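Q: I'd like to ask you about the structure that follows.
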Amino acid sequence: MDATAVKTGTEGKIWGGGEAQPLKASYGKMMMWFFILSDALTFSGFLAAYGFSRFKFVNQWPIADEVFTHFPFLHGVDAPMYYVALMTFILIFSSVTMVLAVDAGHHMKKNKVIWYMFFTILGGFIFVGSQAWEWANFISGEYGAIETKGGKILQVVNAEGEQVALESFAVELPSARTQLTKSEALWYESESSMPDFDLAEVVEGFKANPDLLIRTQLLTEGGEKTILSREESLAKLENDAMGVVQGANLIHNEYGPPLFADFFFFITGFHGFHVFSGVIINIIIFINVILGTYERRGSYEMVEKVGLYWHFVDLVWVFVFTFFYLV
């Protein structure tokens with residue numbers, strides 16, 4: 001019995017989806033566009049949810065310039081949004097080098113493709129590393145805050161309105177408190193670590209420094225946080241203070257509503273995962289370019305397809321940067 005060869009439509013063609021060739025694009029490029037479209041809808045949903053939540057807490061939402069003020073090797077220097085802007089520039093520049101790699105592939109210039117892809121991968125690594133550094137600073141915090149019984153955040157400022165770190169004025173008091181563990185308490189009350197100081201130490205230190213004031217989350221008409229008088233500050237601590245918050249996680253957030261930290265970790269983390277995935281894919285394509293795989297095929301379309309994905313993650317970051325950091 002003679003075997004019959006089944007034709008797939010890919011013989012001698014880049015297109016592998018049949019006789020028709022929509023938009024004169026190959027099958028692989030069309031599938032990449034479909035993926036990008038579906039992923040764009042996912043990110044749109046996340047950003048829309050963020051927008052609705054921010055609108056709901058518009059008078060309490062943290063001010064980005066007061067949250068993202070760190071810069072590597074410049075400890076203690078107030079640099080609002082500088083490092084985030086640098087990260088954005090690096091990622092956009094990596095998109096430029098990817099364009100140049102694709103163009104070099106069209107002209108079958110292997111060495112240029114190698115160099116431009118190397119710079120693209122380097123930019124991606126720097127961006128992912130920068131996000132990890134930013135997460136570490138966000139999680140550890142800088143000043144600390146006081147959490148009220150209603151879940152609000154109280155920050156401490158001096159007479160000039162500058163935020164003051166709780167550890168700079170908290171006094172050391174004898175404390176009998178022990179860390180909750182599964183063996184010493186109920187399993188659902190266990191905790192990973194204890195704060196460096198407790199509420200009583202912060203309150204006593206606050207009382208001993210008459211120049212300190214309490215700043216609430218509530219924004220004034222001018223877009224600045226409300227600062228209470230000395231008497232109002234003391235009354236707020238006596239009546240509403242519940243505990244000390246250091247840094248941010250999915251439950252507590254020294255910068256404002258916990259929802260802000262939830263969105264920060266989820267949206268920037270989801271985007272960071274996309275960038276990291278893109279770096280890994282770029283490395284695979286980069287190795288194939290060095291080995292001459294696409295030179296032998298006579299086409300660098302794989303570079304173009306991964307370039308589409310890379311441009312997509314860059315474009316998404318522009319929206320994340322605008323919505324989360326600038327608006």
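Here, A, B, ... name the chains of the structure tokens in the order displayed, residue numbers run from 1 inside each chain, and ligands are numbered from 1 in the same displayed order.
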Could you give me, as CSV, a per-residue list for range 200-276 of chain A showing, wherever an atom lies at most 9 Å from an atom of range 130-138 of chain A, the closest pair of atoms and their distance in Å to one decimal, using only C-alpha atoms and sorting by chain then residue number from low to high?

A:
residue,atom,partner,partner_atom,distance
A:Gly247,CA,A:Phe138,CA,6.2
A:Ala248,CA,A:Phe138,CA,6.2
A:Asn249,CA,A:Phe138,CA,8.6
A:Ala261,CA,A:Phe138,CA,8.8
A:Phe265,CA,A:Trp135,CA,7.9
A:Thr268,CA,A:Gln131,CA,8.0
A:Gly269,CA,A:Gln131,CA,8.5
A:Gly272,CA,A:Gln131,CA,7.3

Q: For all heavy atoms, I'd like the residues from the last selection saved as an mmCIF file, in the first residue's frame.

A:
data_model
loop_
_atom_site.group_PDB
_atom_site.id
_atom_site.type_symbol
_atom_site.label_atom_id
_atom_site.label_comp_id
_atom_site.auth_asym_id
_atom_site.auth_seq_id
_atom_site.Cartn_x
_atom_site.Cartn_y
_atom_site.Cartn_z
ATOM 1 N N GLY A 247 7.070 49.521 56.007
ATOM 2 C CA GLY A 247 7.091 49.001 54.642
ATOM 3 C C GLY A 247 5.702 48.674 54.130
ATOM 4 O O GLY A 247 4.689 49.175 54.629
ATOM 5 N N ALA A 248 5.656 47.810 53.128
ATOM 6 C CA ALA A 248 4.380 47.477 52.485
ATOM 7 C C ALA A 248 4.343 46.003 52.129
ATOM 8 O O ALA A 248 5.351 45.398 51.765
ATOM 9 C CB ALA A 248 4.183 48.325 51.227
ATOM 10 N N ASN A 249 3.158 45.425 52.249
ATOM 11 C CA ASN A 249 2.901 44.066 51.792
ATOM 12 C C ASN A 249 1.451 43.999 51.327
ATOM 13 O O ASN A 249 0.824 45.049 51.118
ATOM 14 C CB ASN A 249 3.207 43.039 52.887
ATOM 15 C CG ASN A 249 2.528 43.371 54.201
ATOM 16 O OD1 ASN A 249 1.318 43.657 54.238
ATOM 17 N ND2 ASN A 249 3.283 43.344 55.292
ATOM 18 N N ALA A 261 -0.721 49.003 47.466
ATOM 19 C CA ALA A 261 0.360 48.017 47.428
ATOM 20 C C ALA A 261 -0.056 46.775 46.650
ATOM 21 O O ALA A 261 0.747 46.202 45.904
ATOM 22 C CB ALA A 261 0.764 47.636 48.853
ATOM 23 N N PHE A 265 2.137 45.510 43.444
ATOM 24 C CA PHE A 265 2.774 44.202 43.326
ATOM 25 C C PHE A 265 2.215 43.407 42.149
ATOM 26 O O PHE A 265 2.961 42.757 41.416
ATOM 27 C CB PHE A 265 2.583 43.403 44.621
ATOM 28 C CG PHE A 265 3.384 43.922 45.773
ATOM 29 C CD1 PHE A 265 2.779 44.228 46.981
ATOM 30 C CD2 PHE A 265 4.752 44.108 45.657
ATOM 31 C CE1 PHE A 265 3.516 44.702 48.048
ATOM 32 C CE2 PHE A 265 5.506 44.587 46.720
ATOM 33 C CZ PHE A 265 4.881 44.881 47.916
ATOM 34 N N THR A 268 2.845 45.636 38.390
ATOM 35 C CA THR A 268 4.266 45.711 38.033
ATOM 36 C C THR A 268 4.901 44.318 38.021
ATOM 37 O O THR A 268 5.799 44.047 37.226
ATOM 38 C CB THR A 268 5.038 46.622 38.994
ATOM 39 O OG1 THR A 268 4.975 46.086 40.328
ATOM 40 C CG2 THR A 268 4.458 48.025 38.983
ATOM 41 N N GLY A 269 4.421 43.424 38.901
ATOM 42 C CA GLY A 269 4.933 42.057 38.897
ATOM 43 C C GLY A 269 4.539 41.302 37.644
ATOM 44 O O GLY A 269 5.349 40.562 37.068
ATOM 45 N N GLY A 272 6.598 42.723 34.917
ATOM 46 C CA GLY A 272 7.970 42.266 35.075
ATOM 47 C C GLY A 272 8.154 40.828 34.622
ATOM 48 O O GLY A 272 9.180 40.469 34.043
#

Q: Taking the DSSP assignment computed from this structure's backbone, write out as a PyMOL selection string all residues of range 13-262 of chain A that belong to alpha helix (DSSP H).

A: chain A and resi 27-56+64-67+82-106+110-140+199-208+230-240+258-262

Q: I'd like the interatomic distance between CA of Thr216 in chain A and CA of Lys149 in chain A, to a tenth of an Å.

A: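 Interatomic distance, CA of Thr216 in chain A to CA of Lys149 in chain A: 13.6 Å.
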
Q: How many Å lie between CA of Gln217 in chain A and CA of His75 in chain A, rounded to one decimal?

A: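 About the pair CA of Gln217 in chain A and CA of His75 in chain A: they are 25.4 Å apart.
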
Q: Please provide the set of residues having any atom within 10 Å of Ser168 in chain A, restricted to only C-alpha atoms, with same-chain residues fewer than 3 positions apart removed, written as a PDB file with N, CA and C atoms, in the first residue's frame.

A:
ATOM      1  N   TYR A 143      10.201  55.268  56.235  1.00  0.00           N
ATOM      2  CA  TYR A 143       9.856  56.081  57.399  1.00  0.00           C
ATOM      3  C   TYR A 143       9.035  55.325  58.441  1.00  0.00           C
ATOM      4  N   VAL A 164       9.149  62.276  58.954  1.00  0.00           N
ATOM      5  CA  VAL A 164      10.180  61.844  59.891  1.00  0.00           C
ATOM      6  C   VAL A 164      10.048  60.340  60.105  1.00  0.00           C
ATOM      7  N   ALA A 165      11.167  59.645  60.130  1.00  0.00           N
ATOM      8  CA  ALA A 165      11.161  58.206  60.369  1.00  0.00           C
ATOM      9  C   ALA A 165      10.818  57.918  61.825  1.00  0.00           C
ATOM     10  N   VAL A 171      11.248  55.847  71.561  1.00  0.00           N
ATOM     11  CA  VAL A 171      12.055  55.582  72.758  1.00  0.00           C
ATOM     12  C   VAL A 171      11.988  54.093  73.089  1.00  0.00           C
ATOM     13  N   VAL A 202       6.628  54.467  70.105  1.00  0.00           N
ATOM     14  CA  VAL A 202       6.446  55.568  69.156  1.00  0.00           C
ATOM     15  C   VAL A 202       5.650  56.704  69.795  1.00  0.00           C
ATOM     16  N   GLY A 205       7.777  58.591  72.340  1.00  0.00           N
ATOM     17  CA  GLY A 205       8.743  59.427  71.640  1.00  0.00           C
ATOM     18  C   GLY A 205       8.088  60.634  71.000  1.00  0.00           C
TER      19      GLY A 205
END

Q: How many Å separate CA of Lys152 in chain A from CA of Ile267 in chain A?

A: 23.0 Å

Q: Using only C-alpha atoms, which of A:Ser53, A:Thr226, A:Asn282, A:Thr322 sits nearest Met302 in chain A?

A: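 So, comparing all the options, the nearest one is A:Asn282.
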
Q: My list of candidates is A:Thr120, A:Phe273, A:Thr293, A:Ile153. Which is closest to Met242 in chain A when distances are computed with only C-alpha atoms?

A: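 The shortest atom-to-atom distance to Met242 in chain A comes from A:Ile153.
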
Q: Using only C-alpha atoms, which residue out of A:Phe312, A:Asn158, A:Tyr325, A:Ile280 lies closest to Met117 in chain A?

A: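 Nearest candidate to Met117 in chain A out of A:Phe312, A:Asn158, A:Tyr325, A:Ile280: A:Ile280.
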
Q: Skipping near chain neighbours, those fewer than 2 positions away, what residues fall within 6 Å of range 92-108 of chain A using only C-alpha atoms, listed as a PyMOL selection string?

A: chain A and resi 89-90+110+113+116+120+123+300+304+311

Q: Would you mind listing what lies within 12 Å of Lys207 in chain A as a VMD selection string, with only C-alpha atoms counted and same-chain residues fewer than 5 positions away left out?

A: chain A and resid 156 169 to 171 200 to 202 212 to 214 230 to 231 233 to 235 237 to 238

Q: Since we have the selection now, will you write its residues out, keeping C-alpha atoms, as a PDB file, in the first residue's frame?

A:
ATOM      1  CA  VAL A 156       4.777  61.755  61.305  1.00  0.00           C
ATOM      2  CA  PHE A 169      12.299  59.455  67.794  1.00  0.00           C
ATOM      3  CA  ALA A 170      10.854  56.203  69.197  1.00  0.00           C
ATOM      4  CA  VAL A 171      12.055  55.582  72.758  1.00  0.00           C
ATOM      5  CA  ALA A 200       3.878  52.555  72.900  1.00  0.00           C
ATOM      6  CA  GLU A 201       7.510  53.426  72.109  1.00  0.00           C
ATOM      7  CA  VAL A 202       6.446  55.568  69.156  1.00  0.00           C
ATOM      8  CA  LEU A 212       6.340  66.551  65.672  1.00  0.00           C
ATOM      9  CA  LEU A 213       2.894  66.459  64.039  1.00  0.00           C
ATOM     10  CA  ILE A 214       0.613  63.860  62.516  1.00  0.00           C
ATOM     11  CA  ARG A 230      -0.214  69.325  67.917  1.00  0.00           C
ATOM     12  CA  GLU A 231      -3.337  68.893  70.061  1.00  0.00           C
ATOM     13  CA  SER A 233      -2.150  64.866  66.702  1.00  0.00           C
ATOM     14  CA  LEU A 234      -1.946  63.785  70.343  1.00  0.00           C
ATOM     15  CA  ALA A 235      -5.687  63.108  70.459  1.00  0.00           C
ATOM     16  CA  LEU A 237      -2.730  58.891  68.694  1.00  0.00           C
ATOM     17  CA  GLU A 238      -4.563  58.385  71.984  1.00  0.00           C
TER      18      GLU A 238
END

Q: Just want the 8 Å neighbourhood of Ala241 in chain A, counted on only C-alpha atoms, with same-chain residues fewer than 5 positions away dropped. Output as an MDAnalysis selection string.

A: chainID A and resid 146:149 199 236

Q: Between A:Val203, A:Leu259, A:Val313, A:Val327, which is the closest to Ala49 in chain A once you count only C-alpha atoms?

A: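 Nearest to Ala49 in chain A: A:Leu259.
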
Q: Taking 2 positions as the minimum chain separation for residues in the same chain, which residues sit within 12 Å of Ile281 in chain A when counting only C-alpha atoms? Answer as a PyMOL selection string.

A: chain A and resi 117+120-121+124+274-279+283-288+302-303+305-307+309-310

Q: Which of these residues is nearest to Leu228 in chain A, using only C-alpha atoms: A:Pro258, A:Leu308, A:Leu154, A:Phe197?

A: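 Closest residue, counting only C-alpha atoms: A:Leu154.
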
Q: As number ranges by chain, list the residues of range 102-244 of chain A assigned to strand (DSSP E) by DSSP on the backbone atoms of this structure.

A: A: 145-148, 153-157, 213-219, 225-227, 241-244

Q: For His70 in chain A, which residue out of A:Val58, A:Val84, A:Leu219, A:Val320 is the nearest one, using only C-alpha atoms?

A: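 Among A:Val58, A:Val84, A:Leu219, A:Val320, it is A:Val84 that comes nearest to His70 in chain A.
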